[in-house]
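**Q** Please read through the structure below; I'll follow up with questions.
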Amino acid sequence: MLNTTLLNEQQSAAVHFGLDDQNSSLSPAVISPPLLIIAGAGTGKTNTLAHRTAQLILSGVSPERILLMTFARRAAGELSSRANRIVEQQSRKDSKHYQPINISWMGTFHSIANRLLRIHGKSIGLESDFVIMDRGDSADLLDMLRHELEFTQTDKRFPKKNTCLNIYSKCINSQQDIADILRLDFPYCREWESELKQLFSRYTQSKIDQLCLDYDDLLLYCYHLAKVPDIAAIIRAQFDYILVDEYQDTNLLQAGILTGLFPTGEGVTVVGDDAQSIYSFRSATVDNILQFPDLFSPRATVISLTQNYRSHQHILDLSNALLSEGDEGYKVALYSDNKSGDKPKLVTVADDTKQAEYIVEQVLAARESGVDLKQQAVLFRSSYHSDRLELELTRRNIPFVKHGGLKFLEASHVKDLLGILRWADNPKFSVSAFRVLKLLPGVGPKIADKTLQHLELNQFDIHSLSTWTLPSAAQALWEELSALLIAIHDDAIPWHDQVNKAASCYQSLLEINYDDHFVRFGDVEQLAQISQQFPTRERFLSELTLDPPQTTGDLAGTPHIDDDFLILSTVHSAKGQEWKNVHILNVADGNFPNEYSAGDDRAIEEERRLLNVAITRAKNEVHLIQPLKYWIPEQQKNGDKHVYGGKSRFLTENIMPLLECTHYPCIERTPEEIAKGQQVISDIREKLLCMWD
DNA sequence: CACCCAAACTTTTTT
DNA sequence: AGTTTGGGTG
């Protein structure tokens with residue numbers, strides 16, 4: 001374990017770069033030049049960043065003048081508490097008075113954008129009480145509009161809502177023309193270009209009318225805000241320093257916000273590792289980090305951290321070799337002082353049933369030898385890859401937690417309840433209104449639409465709902481519901497009771513609409529519970545959509561924490577984490593790399609980096625599992641459920657010597673049996689040859 | 001007009 | 001497997 005107070009030479013250079021650390025009298029006017037820290041996997045990135053943050057504060061920069069951008073809230077919390085600890089230690093050493101620091105401007109680009117827009121939006125004419133749509137809401141709105149535009153009435157099939165959203169999102173985040181996006185990423189939708197343009201135009205207008213912003217809008221509005229010099233100057237005046245973590249996973253808009261607010265690069269520190277850039281589907285571009293030095297040339301400095309404290313050298317050899325076969329990037333080779341440990345294993349199994357058996361066996365064996373389940377993880381490319389394993393784990397009673405699978409906010413009952421709150425919060429928000437109305441018995445799209453028209457005729461005054469009647473089957477429930485909506489909107493019920501009241505009203509709707517309502521009601525109660533942590537409805541709704549709980553376990557609070565459980569995670573969700581032992585599923589062409597990346601060189605490179613991320617999560621053991629045959633969820637019509645996977649193209653002849661190849665089940669044969677087997681084959685060959693004599 | 005059922009179709013990763 | 005569409009019924 002790295003001592004948090006000790007830094008190696010590279011780390012120390014990164015921490016103190018541009019800061020006069022000895023006499024803590026840094027004049028606020030002197031801001032350090034732009035710095036890029038290339039921090040490979042396991043090189044103590046978080047620690048370095050925490051030290052640099054602490055150093056800034058110790059140098060006299062006030063915490064509220066620091067902007068800290070991270071990839072997830074969890075990372076932000078970790079960073080902040082470490083920085084606090086460092087400041088505390090140092091203050092004690094200098095026998096100075098210590099006061100806990102609070103870096104309030106800290107979070108993801110989206111959450112920072114949200115806050116900036118609520119404060120500064122007014123100056124560009126944006127109302128500050130906008131609602132934020134999550135991805136599901138955006139898709140639903142697009143779905144409503146594509147029906148409205150009658151694109152679904154054609155004989156050829158129009159792209160589904162999620163495809164539409166993906167196309168739209170890509171256009172926005174990469175700031176590219178729809179024609180280019182369609183050509184490059186969605187060739188099968190090219191024929192719909194003009195319809196899609198119409199749809200997106202309506203979508204944009206609709207969001208404006210309803211006073212709501214989607215994820216992309218948060219960045220987009222902020223990007224344009226940062227491009228208006230007068231307003232950018234006001235925001236910039238608020239901050240001296242910006243530190244950005246995971247810079248390799250930022251997109252064009254995020255980089256634009258950075259350069260808009262910090263045009264000279266002074267005060268900018270970005271940290272990242274181009275070899276871990278894995279979010280291009282979210283329009284992240286590795287070019288941001290690759291071009292950073294040129295962007296702020298010649299004053300930008302690059303410092304690389306190359307000593308890995310996590311894994312032993314065998315694992316790093318594999319990672320280095322894998323990356324050296326790629327064709328772009330800074331190519332920083334990592335080394336470790338730990339030369340012990342086994343070579344990573346490449347385990348060949350017959351199919352995914354055997355794969356699951358192998359893992360269960362290995363995981364239990366490791367636990368016997370003292371490695372907690374929590375110290376072990378199973379990683380995979382796609383969420384469904386762990387289906388078989390999950391069955392096996394359940395059957396054998398091995399506790400596990402899956403990250404990156406279906407998320408809490410995607411459960412329909414959670415969306416329903418949030419829908420009630422969102423609609424009450426913003427009567428114009430039709431997505432939620434529709435969703436809620438359709439829960440009532442006897443109410444379908446038409447009646448829901450009429451209800452919304454009634455509301456619109458009354459200038460979206462929510463009180464007008466009390467005079468509206470619905471079919472008799474719905475009326476009793478509707479009276480209760482509309483009264484609730486009005487009470488919530490008017491804050492006639494105090495905030496801390498609103499979710500409880502909404503939950504109890506929703507309970508009857510839940511019973512009507514879902515067979516398994518008892519299971520679902522548990523989630524509803526939990527949602528009511530966590531709502532108590534938020535001071536206002538607005539904060540609850542926006543922060544929940546911007547930073548949703550990752551698993552249902554997250555919600556339960558801490559009772560889980562003493563339990564031991566195995567971690568199952570997508571490689572994407574495993575970012576930044578580490579375990580003693582790591583198993584990687586389905587390392588076969590078609591899964592790793594993913595089949596959709598075939599034919600696109602840059603996509604293949606990203607798959608390579610993805611495999612690299614998976615490998616470098618391990619401290620001790622890496623098991624790459626290669627099934628000869630694997631199961632895919634029923635594909636198209638008469639498709640066989642089993643597919644024979646080719647060897648992953650990443651396992652080249654340069655890579656193979658770095659792996660220990662084994663089979664499972666292990667085929668152990670005595671010398672006699674081997675000799676006997678060889679006798680049989682030579683007999684057969686002889687017979688075949690004799691045929692032609 | 002809502003609701004139910006059957007047939008067709010789709011395909012990753014997530015702030 | 002889960003979503004979307006279309007048709008039939010009440």
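Residue numbering restarts at 1 in every chain; chains get A, B, ... in the order shown in the structure tokens, and ligands count up from 1 in that same order.
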Out of segment 287-500 of chain A, which residues get alpha helix (DSSP H) from DSSP, as a PyMOL selection string?
**A** chain A and resi 287-290+292-295+313-324+352-368+387-395+412-425+430-437+445-457+472-489+495-500
**Q** Using DSSP secondary structure from the backbone, list all strand (DSSP E or B) positions within segment 447-647 of chain A, as a ChimeraX atom specification.
**A** /A:566-570,579-584,588-591,594,618-627,629-631,642-644,646-647
**Q** With a cut-off of 9 Å and counting only C-alpha atoms (C1' of nucleotides), select all residues of chain B in contact with chain A and give the selection as a ChimeraX atom specification.
**A** /B:1-3,9-15
**Q** Can you spit out the residues from that selection as a PDB file, in the first residue's frame, using C-alpha atoms (C1' of nucleotides)?
**A**
```
ATOM      1  C1'  DC B   1     -60.495   3.875 -27.357  1.00  0.00           C
ATOM      2  C1'  DA B   2     -58.073   0.703 -24.236  1.00  0.00           C
ATOM      3  C1'  DC B   3     -56.223  -3.547 -23.736  1.00  0.00           C
ATOM      4  C1'  DC B   9     -37.298  -7.279 -35.048  1.00  0.00           C
ATOM      5  C1'  DT B  10     -32.999  -5.828 -32.685  1.00  0.00           C
ATOM      6  C1'  DT B  11     -27.804  -6.438 -30.734  1.00  0.00           C
ATOM      7  C1'  DT B  12     -22.374  -2.799 -26.032  1.00  0.00           C
ATOM      8  C1'  DT B  13     -20.320   0.062 -23.020  1.00  0.00           C
ATOM      9  C1'  DT B  14     -23.109   5.165 -19.642  1.00  0.00           C
ATOM     10  C1'  DT B  15     -22.782  10.839 -17.618  1.00  0.00           C
TER      11       DT B  15
END
```
**Q** Compile the residues of chain C that lie within 10 Å of chain A, evaluated using only C-alpha atoms (C1' of nucleotides), and express the compilation as JSON, numbers by chain.
**A** {"C": [1, 3, 4, 5]}
**Q** Okay, now the selection with C-alpha atoms (C1' of nucleotides), as a compact mmCIF listing (two decimals), in the first residue's frame?
**A**
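The result, written out as result18.txt:
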```txt
# COMPACT_ATOMS: atom_id res chain seq x y z
C1' DA C 1 -35.05 -11.44 -24.19
C1' DT C 3 -39.31 -3.94 -27.31
C1' DT C 4 -42.27 -2.37 -31.04
C1' DT C 5 -46.02 -2.89 -34.17
```
**Q** Extract, using only C-alpha atoms (C1' of nucleotides), all DNA, RNA and protein residues at most 6 Å from segment 266-270 of chain A, discarding same-chain residues fewer than 3 positions from it, and format them as a PyMOL selection string.
**A** chain A and resi 31-36+241-244
**Q** Skip Ser569 of chain A itself and residues of its chain fewer than 3 positions away, then list as a VMD selection string all residues within 7 Å of it, counting only C-alpha atoms (C1' of nucleotides).
**A** chain A and resid 378 to 380 402 to 404 573 to 574
**Q** Selection from above, C-alpha atoms, as a compact mmCIF listing (two decimals), in the first residue's frame, can you write it?
**A**
```
# COMPACT_ATOMS: atom_id res chain seq x y z
CA VAL A 378 -15.20 -10.92 -12.72
CA LEU A 379 -15.10 -8.46 -15.61
CA PHE A 380 -16.80 -8.62 -18.99
CA LYS A 402 -23.22 -6.72 -10.19
CA HIS A 403 -22.12 -3.27 -11.29
CA GLY A 404 -23.05 -1.68 -14.55
CA SER A 573 -17.78 0.27 -14.67
CA ALA A 574 -14.54 -1.23 -13.35
```
**Q** Would you work out the distance separating atom CA of Ser297 of chain A from atom CA of Tyr335 of chain A, expressed in Å to one decimal?
**A**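 Interatomic distance here is 29.2 Å.
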**Q** Excluding DC4 of chain B and its own-chain neighbours fewer than 5 positions away, which residues fall within 12 Å of it when counting only C-alpha atoms (C1' of nucleotides)? Please give them as a ChimeraX atom specification.
**A** /C:7-10
**Q** Choose the residue, out of A:Thr46, A:Ala75, A:Tyr221, A:Ile112, that has the smallest atom-to-atom separation from Leu126 of chain A; count only C-alpha atoms.
**A**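 Using only C-alpha atoms, the shortest distance to Leu126 of chain A belongs to A:Tyr221.
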**Q** In Å, rounded to a single decimal, give me how far atom CA of Gly77 of chain A is from atom CA of Ser95 of chain A.
**A**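 Straight-line distance from atom CA of Ser95 of chain A to atom CA of Gly77 of chain A works out to 26.5 Å.
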**Q** What does the distance between atom CA of Gly136 of chain A and atom CA of Glu410 of chain A come to in Å, to one decimal place?
**A**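 We find that atom CA of Gly136 of chain A and atom CA of Glu410 of chain A lie 7.3 Å from each other.
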